[in-house]
Amino acid sequence: MGCPAKKVCKVLAGSALLANEELVKRILTSVVNAVDVPVTLKIRTGSDADNRNGVQIAKIAEDCEIQMLTVHGRTRACRFLGQAEYKTICNIKKSINIPVVANGNINSPEKAKKILAITNADAIMIGRAAQGQPWLFRQIGHYLKFNEKLEPLP
Ligand SMILES: Cc1cc2nc3c(=O)[nH]c(=O)nc-3n(C[C@H](O)[C@H](O)[C@H](O)COP(=O)(O)O)c2cc1C
């Protein structure tokens with residue numbers, strides 16, 4: 001429930017679903033009941049700045065027995081523009097008891113540490129920053145463990 005692409009949202013899929021909490025509930029209930037494996041969910045923080053219902057969606061997800069929730073700190077309307085915001089992710093983490101993964105604009109070991117601290121999330125997810133620097137994960141892991149920076153590979 002994170003994709004903002006026009007062709008996806010115009011058929012009421014992806015992040016367009018965030019505007020319809022009842023439908024989210026029905027979909028999550030159906031999927032969780034249909035499979036024997038843990039079901040996880042990825043969302044944005046809401047439809048737009050005036051409709052940031054991420055906390056509500058997160059509670060629905062937990063009630064529907066979703067096992068882990070990833071939150072991209074942008075609304076549908078933001079697409080991939082501007083900076084992600086982490087306040088909503090922090091509020092979501094406070095509101096539910098399943099693991100929360102913070103996502104959006106995490107592109108360095110320092111940023112990873114900062115976002116984990118700000119949101120209190122259980123994990124972070126990295127998208128675009130890994131393109132061209134697949135060693136970023138190792139750098140972040142090392143920084144979180146030892147508080148020192150590894151050099152990028154030559
Ligand atoms: C070209 C592109 C394709 C993406 N496809 C998916 C996808 O299929 N499923 C998904 O959950 N997120 C997808 N995303 C969103 C990313 O997983 C991530 O939420 C978003 O890029 C923000 O994180 P970042 O700032 O670390 O890149 C895509 C992003 C981009 C730029």
# chains A, B, ... in the order shown; residues from 1 in each chain; ligands from 1
>>> residues_around(residues="region 104-119 of chain A", least_positions_apart="4", cutoff="7 Å", atoms="only C-alpha atoms", output="ChimeraX atom specification")
/A:72-73,83-84,86,89-90,126,129,139-140,143-144
>>> write_last_selection(atoms="N, CA and C atoms", output="PDB file, in the first residue's frame")
ATOM      1  N   HIS A  72       6.805   4.030   4.847  1.00  0.00           N
ATOM      2  CA  HIS A  72       7.548   5.019   4.060  1.00  0.00           C
ATOM      3  C   HIS A  72       7.035   6.391   4.511  1.00  0.00           C
ATOM      4  N   GLY A  73       7.945   7.226   4.998  1.00  0.00           N
ATOM      5  CA  GLY A  73       7.538   8.503   5.603  1.00  0.00           C
ATOM      6  C   GLY A  73       7.122   9.579   4.614  1.00  0.00           C
ATOM      7  N   GLN A  83      11.660  15.675   1.301  1.00  0.00           N
ATOM      8  CA  GLN A  83      12.218  14.798   2.333  1.00  0.00           C
ATOM      9  C   GLN A  83      11.119  13.973   2.994  1.00  0.00           C
ATOM     10  N   ALA A  84      11.437  12.755   3.357  1.00  0.00           N
ATOM     11  CA  ALA A  84      10.490  11.938   4.132  1.00  0.00           C
ATOM     12  C   ALA A  84      10.355  12.566   5.520  1.00  0.00           C
ATOM     13  N   TYR A  86       9.446  11.748   9.669  1.00  0.00           N
ATOM     14  CA  TYR A  86       9.549  10.579  10.536  1.00  0.00           C
ATOM     15  C   TYR A  86       8.665  10.659  11.775  1.00  0.00           C
ATOM     16  N   ILE A  89       5.974   8.128  11.603  1.00  0.00           N
ATOM     17  CA  ILE A  89       6.505   6.777  11.866  1.00  0.00           C
ATOM     18  C   ILE A  89       6.681   6.580  13.375  1.00  0.00           C
ATOM     19  N   CYS A  90       7.162   7.629  14.039  1.00  0.00           N
ATOM     20  CA  CYS A  90       7.331   7.584  15.493  1.00  0.00           C
ATOM     21  C   CYS A  90       5.971   7.359  16.175  1.00  0.00           C
ATOM     22  N   ILE A 126      15.972   0.276   3.308  1.00  0.00           N
ATOM     23  CA  ILE A 126      16.674   1.188   2.406  1.00  0.00           C
ATOM     24  C   ILE A 126      16.331   0.852   0.966  1.00  0.00           C
ATOM     25  N   ALA A 129      19.021   4.407  -2.003  1.00  0.00           N
ATOM     26  CA  ALA A 129      20.419   4.651  -1.637  1.00  0.00           C
ATOM     27  C   ALA A 129      21.293   3.418  -1.853  1.00  0.00           C
ATOM     28  N   GLN A 139      28.098  -1.142   5.768  1.00  0.00           N
ATOM     29  CA  GLN A 139      28.572   0.085   6.426  1.00  0.00           C
ATOM     30  C   GLN A 139      27.653   0.488   7.575  1.00  0.00           C
ATOM     31  N   ILE A 140      26.346   0.395   7.320  1.00  0.00           N
ATOM     32  CA  ILE A 140      25.378   0.780   8.356  1.00  0.00           C
ATOM     33  C   ILE A 140      25.451  -0.186   9.535  1.00  0.00           C
ATOM     34  N   TYR A 143      28.495   0.569  11.554  1.00  0.00           N
ATOM     35  CA  TYR A 143      28.371   1.849  12.280  1.00  0.00           C
ATOM     36  C   TYR A 143      27.455   1.699  13.502  1.00  0.00           C
ATOM     37  N   LEU A 144      26.362   0.966  13.312  1.00  0.00           N
ATOM     38  CA  LEU A 144      25.424   0.790  14.437  1.00  0.00           C
ATOM     39  C   LEU A 144      26.073  -0.036  15.554  1.00  0.00           C
TER      40      LEU A 144
END
>>> select_by_dssp(residues="region 1-151 of chain A", states="alpha helix (DSSP H)", output="NGL selection string")
:A and (6-9 or 21-34 or 54-63 or 87-95 or 109-119 or 136-146)
>>> residues_around(residues="region 24-34 of chain A", least_positions_apart="4", cutoff="8 Å", atoms="only C-alpha atoms", output="ChimeraX atom specification")
/A:17-18,20,38-39,57,60-61,64-66
>>> residues_near_ligand(ligand="ligand 1", cutoff="10 Å", atoms="only C-alpha atoms and all ligand atoms", output="number ranges by chain")
A: 1-5, 14, 41-44, 70-74, 79-81, 83-84, 102-107, 124-131
>>> write_last_selection(atoms="N, CA and C atoms", output="compact mmCIF listing (two decimals), in the first residue's frame")
# COMPACT_ATOMS: atom_id res chain seq x y z
N MET A 1 0.84 -1.21 0.00
CA MET A 1 0.00 0.00 0.00
C MET A 1 0.87 1.25 0.00
N GLY A 2 1.96 1.19 -0.79
CA GLY A 2 2.88 2.32 -0.83
C GLY A 2 3.05 2.93 -2.20
N CYS A 3 2.64 2.19 -3.22
CA CYS A 3 2.95 2.66 -4.58
C CYS A 3 2.08 3.86 -4.97
N PRO A 4 2.72 4.95 -5.42
CA PRO A 4 1.95 6.15 -5.80
C PRO A 4 1.72 6.25 -7.31
N ALA A 5 2.15 5.24 -8.08
CA ALA A 5 2.08 5.36 -9.55
C ALA A 5 0.63 5.51 -10.01
N GLY A 14 -2.39 0.03 -4.43
CA GLY A 14 -1.24 0.77 -3.89
C GLY A 14 -1.66 1.77 -2.83
N LEU A 41 3.06 -5.86 5.90
CA LEU A 41 2.44 -4.79 5.11
C LEU A 41 3.39 -3.61 4.99
N LYS A 42 3.32 -2.93 3.85
CA LYS A 42 4.07 -1.68 3.70
C LYS A 42 3.09 -0.59 3.33
N ILE A 43 3.22 0.55 4.01
CA ILE A 43 2.28 1.66 3.77
C ILE A 43 3.05 2.98 3.63
N ARG A 44 2.32 4.00 3.20
CA ARG A 44 2.79 5.38 3.35
C ARG A 44 2.08 5.98 4.56
N THR A 70 5.98 -1.90 7.56
CA THR A 70 6.98 -0.94 7.07
C THR A 70 6.28 0.35 6.70
N VAL A 71 6.86 1.48 7.11
CA VAL A 71 6.23 2.77 6.83
C VAL A 71 7.20 3.66 6.06
N HIS A 72 6.80 4.03 4.85
CA HIS A 72 7.55 5.02 4.06
C HIS A 72 7.04 6.39 4.51
N GLY A 73 7.95 7.23 5.00
CA GLY A 73 7.54 8.50 5.60
C GLY A 73 7.12 9.58 4.61
N ARG A 74 6.31 9.21 3.66
CA ARG A 74 5.72 10.18 2.73
C ARG A 74 4.26 9.81 2.52
N ARG A 79 4.49 11.57 -3.59
CA ARG A 79 5.20 10.67 -4.53
C ARG A 79 6.61 10.40 -3.98
N PHE A 80 7.66 10.77 -4.71
CA PHE A 80 9.01 10.57 -4.16
C PHE A 80 9.69 11.92 -3.94
N LEU A 81 8.90 12.99 -3.87
CA LEU A 81 9.47 14.34 -3.80
C LEU A 81 9.76 14.76 -2.36
N GLN A 83 11.66 15.68 1.30
CA GLN A 83 12.22 14.80 2.33
C GLN A 83 11.12 13.97 2.99
N ALA A 84 11.44 12.76 3.36
CA ALA A 84 10.49 11.94 4.13
C ALA A 84 10.36 12.57 5.52
N ALA A 102 11.19 1.54 9.57
CA ALA A 102 11.15 2.92 9.06
C ALA A 102 11.81 2.98 7.69
N ASN A 103 11.19 3.73 6.78
CA ASN A 103 11.71 3.83 5.40
C ASN A 103 11.55 5.24 4.86
N GLY A 104 12.50 5.63 4.01
CA GLY A 104 12.42 6.92 3.31
C GLY A 104 13.66 7.76 3.51
N ASN A 105 14.41 7.96 2.41
CA ASN A 105 15.59 8.84 2.45
C ASN A 105 16.67 8.42 3.44
N ILE A 106 16.77 7.17 3.74
CA ILE A 106 17.87 6.74 4.61
C ILE A 106 19.03 6.35 3.68
N ASN A 107 20.10 7.14 3.75
CA ASN A 107 21.14 7.00 2.72
C ASN A 107 22.57 7.00 3.27
N ILE A 124 15.22 -0.59 9.86
CA ILE A 124 15.07 0.39 8.77
C ILE A 124 15.06 -0.36 7.44
N MET A 125 14.44 0.25 6.45
CA MET A 125 14.45 -0.29 5.08
C MET A 125 15.09 0.75 4.18
N ILE A 126 15.97 0.28 3.31
CA ILE A 126 16.67 1.19 2.41
C ILE A 126 16.33 0.85 0.97
N GLY A 127 15.94 1.86 0.20
CA GLY A 127 15.61 1.65 -1.20
C GLY A 127 16.67 2.21 -2.11
N ARG A 128 16.44 3.43 -2.55
CA ARG A 128 17.26 4.00 -3.63
C ARG A 128 18.73 4.16 -3.28
N ALA A 129 19.02 4.41 -2.00
CA ALA A 129 20.42 4.65 -1.64
C ALA A 129 21.29 3.42 -1.85
N ALA A 130 20.69 2.24 -1.95
CA ALA A 130 21.48 1.03 -2.15
C ALA A 130 21.90 0.86 -3.61
N GLN A 131 21.22 1.60 -4.49
CA GLN A 131 21.56 1.48 -5.91
C GLN A 131 22.94 2.10 -6.13
>>> select_by_dssp(residues="region 71-141 of chain A", states="strand (DSSP E or B)", output="list in words")
Val71, His72, Val100, Val101, Ala102, Asn103, Ala123, Ile124 and Met125 of chain A
>>> write_last_selection(atoms="N, CA and C atoms", output="tab-separated table (two decimals), in the first residue's frame")
chain	number	residue	atom	x	y	z
A	71	VAL	N	6.86	1.48	7.11
A	71	VAL	CA	6.23	2.77	6.83
A	71	VAL	C	7.20	3.66	6.06
A	72	HIS	N	6.80	4.03	4.85
A	72	HIS	CA	7.55	5.02	4.06
A	72	HIS	C	7.04	6.39	4.51
A	100	VAL	N	7.96	-2.40	13.68
A	100	VAL	CA	7.80	-1.33	12.70
A	100	VAL	C	9.14	-1.06	12.02
A	101	VAL	N	9.10	-0.98	10.71
A	101	VAL	CA	10.30	-0.70	9.92
A	101	VAL	C	10.18	0.69	9.32
A	102	ALA	N	11.19	1.54	9.57
A	102	ALA	CA	11.15	2.92	9.06
A	102	ALA	C	11.81	2.98	7.69
A	103	ASN	N	11.19	3.73	6.78
A	103	ASN	CA	11.71	3.83	5.40
A	103	ASN	C	11.55	5.24	4.86
A	123	ALA	N	13.52	-1.58	12.91
A	123	ALA	CA	14.46	-1.79	11.80
A	123	ALA	C	14.29	-0.65	10.80
A	124	ILE	N	15.22	-0.59	9.86
A	124	ILE	CA	15.07	0.39	8.77
A	124	ILE	C	15.06	-0.36	7.44
A	125	MET	N	14.44	0.25	6.45
A	125	MET	CA	14.45	-0.29	5.08
A	125	MET	C	15.09	0.75	4.18
>>> closest_residue(among="A:Glu85, A:Asp36, A:Glu148, A:Glu21", to="Lys59 (chain A)", atoms="only C-alpha atoms")
A:Glu21
>>> residues_around(residues="Gly46 (chain A)", least_positions_apart="5", cutoff="8 Å", atoms="only C-alpha atoms", output="list of chain:residue names")
A:Ser15, A:Leu18, A:Ala19, A:Asn51, A:Arg52, A:Asn53, A:Gly54, A:Arg74, A:Thr75, A:Arg76
>>> residues_around(residues="Ile92 (chain A)", least_positions_apart="4", cutoff="7 Å", atoms="only C-alpha atoms", output="ChimeraX atom specification")
/A:54-55,58,88,96
>>> write_last_selection(atoms="C-alpha atoms", output="CSV table (one decimal), in the first residue's frame")
chain,number,residue,atom,x,y,z
A,54,GLY,CA,-1.0,6.2,9.1
A,55,VAL,CA,-1.7,5.5,12.8
A,58,ALA,CA,-1.4,0.7,11.5
A,88,THR,CA,4.3,9.9,11.8
A,96,ILE,CA,1.1,-0.6,17.9
>>> residues_around(residues="Ala77 (chain A)", least_positions_apart="5", cutoff="8 Å", atoms="only C-alpha atoms", output="ChimeraX atom specification")
/A:4,47-49
>>> write_last_selection(atoms="N, CA and C atoms", output="tab-separated table (two decimals), in the first residue's frame")
chain	number	residue	atom	x	y	z
A	4	PRO	N	2.72	4.95	-5.42
A	4	PRO	CA	1.95	6.15	-5.80
A	4	PRO	C	1.72	6.25	-7.31
A	47	SER	N	-2.81	9.73	2.65
A	47	SER	CA	-3.07	10.14	1.26
A	47	SER	C	-2.37	11.45	0.93
A	48	ASP	N	-2.47	12.42	1.85
A	48	ASP	CA	-1.80	13.70	1.66
A	48	ASP	C	-1.62	14.35	3.04
A	49	ALA	N	-1.05	15.56	3.05
A	49	ALA	CA	-0.70	16.19	4.33
A	49	ALA	C	-1.92	16.39	5.23
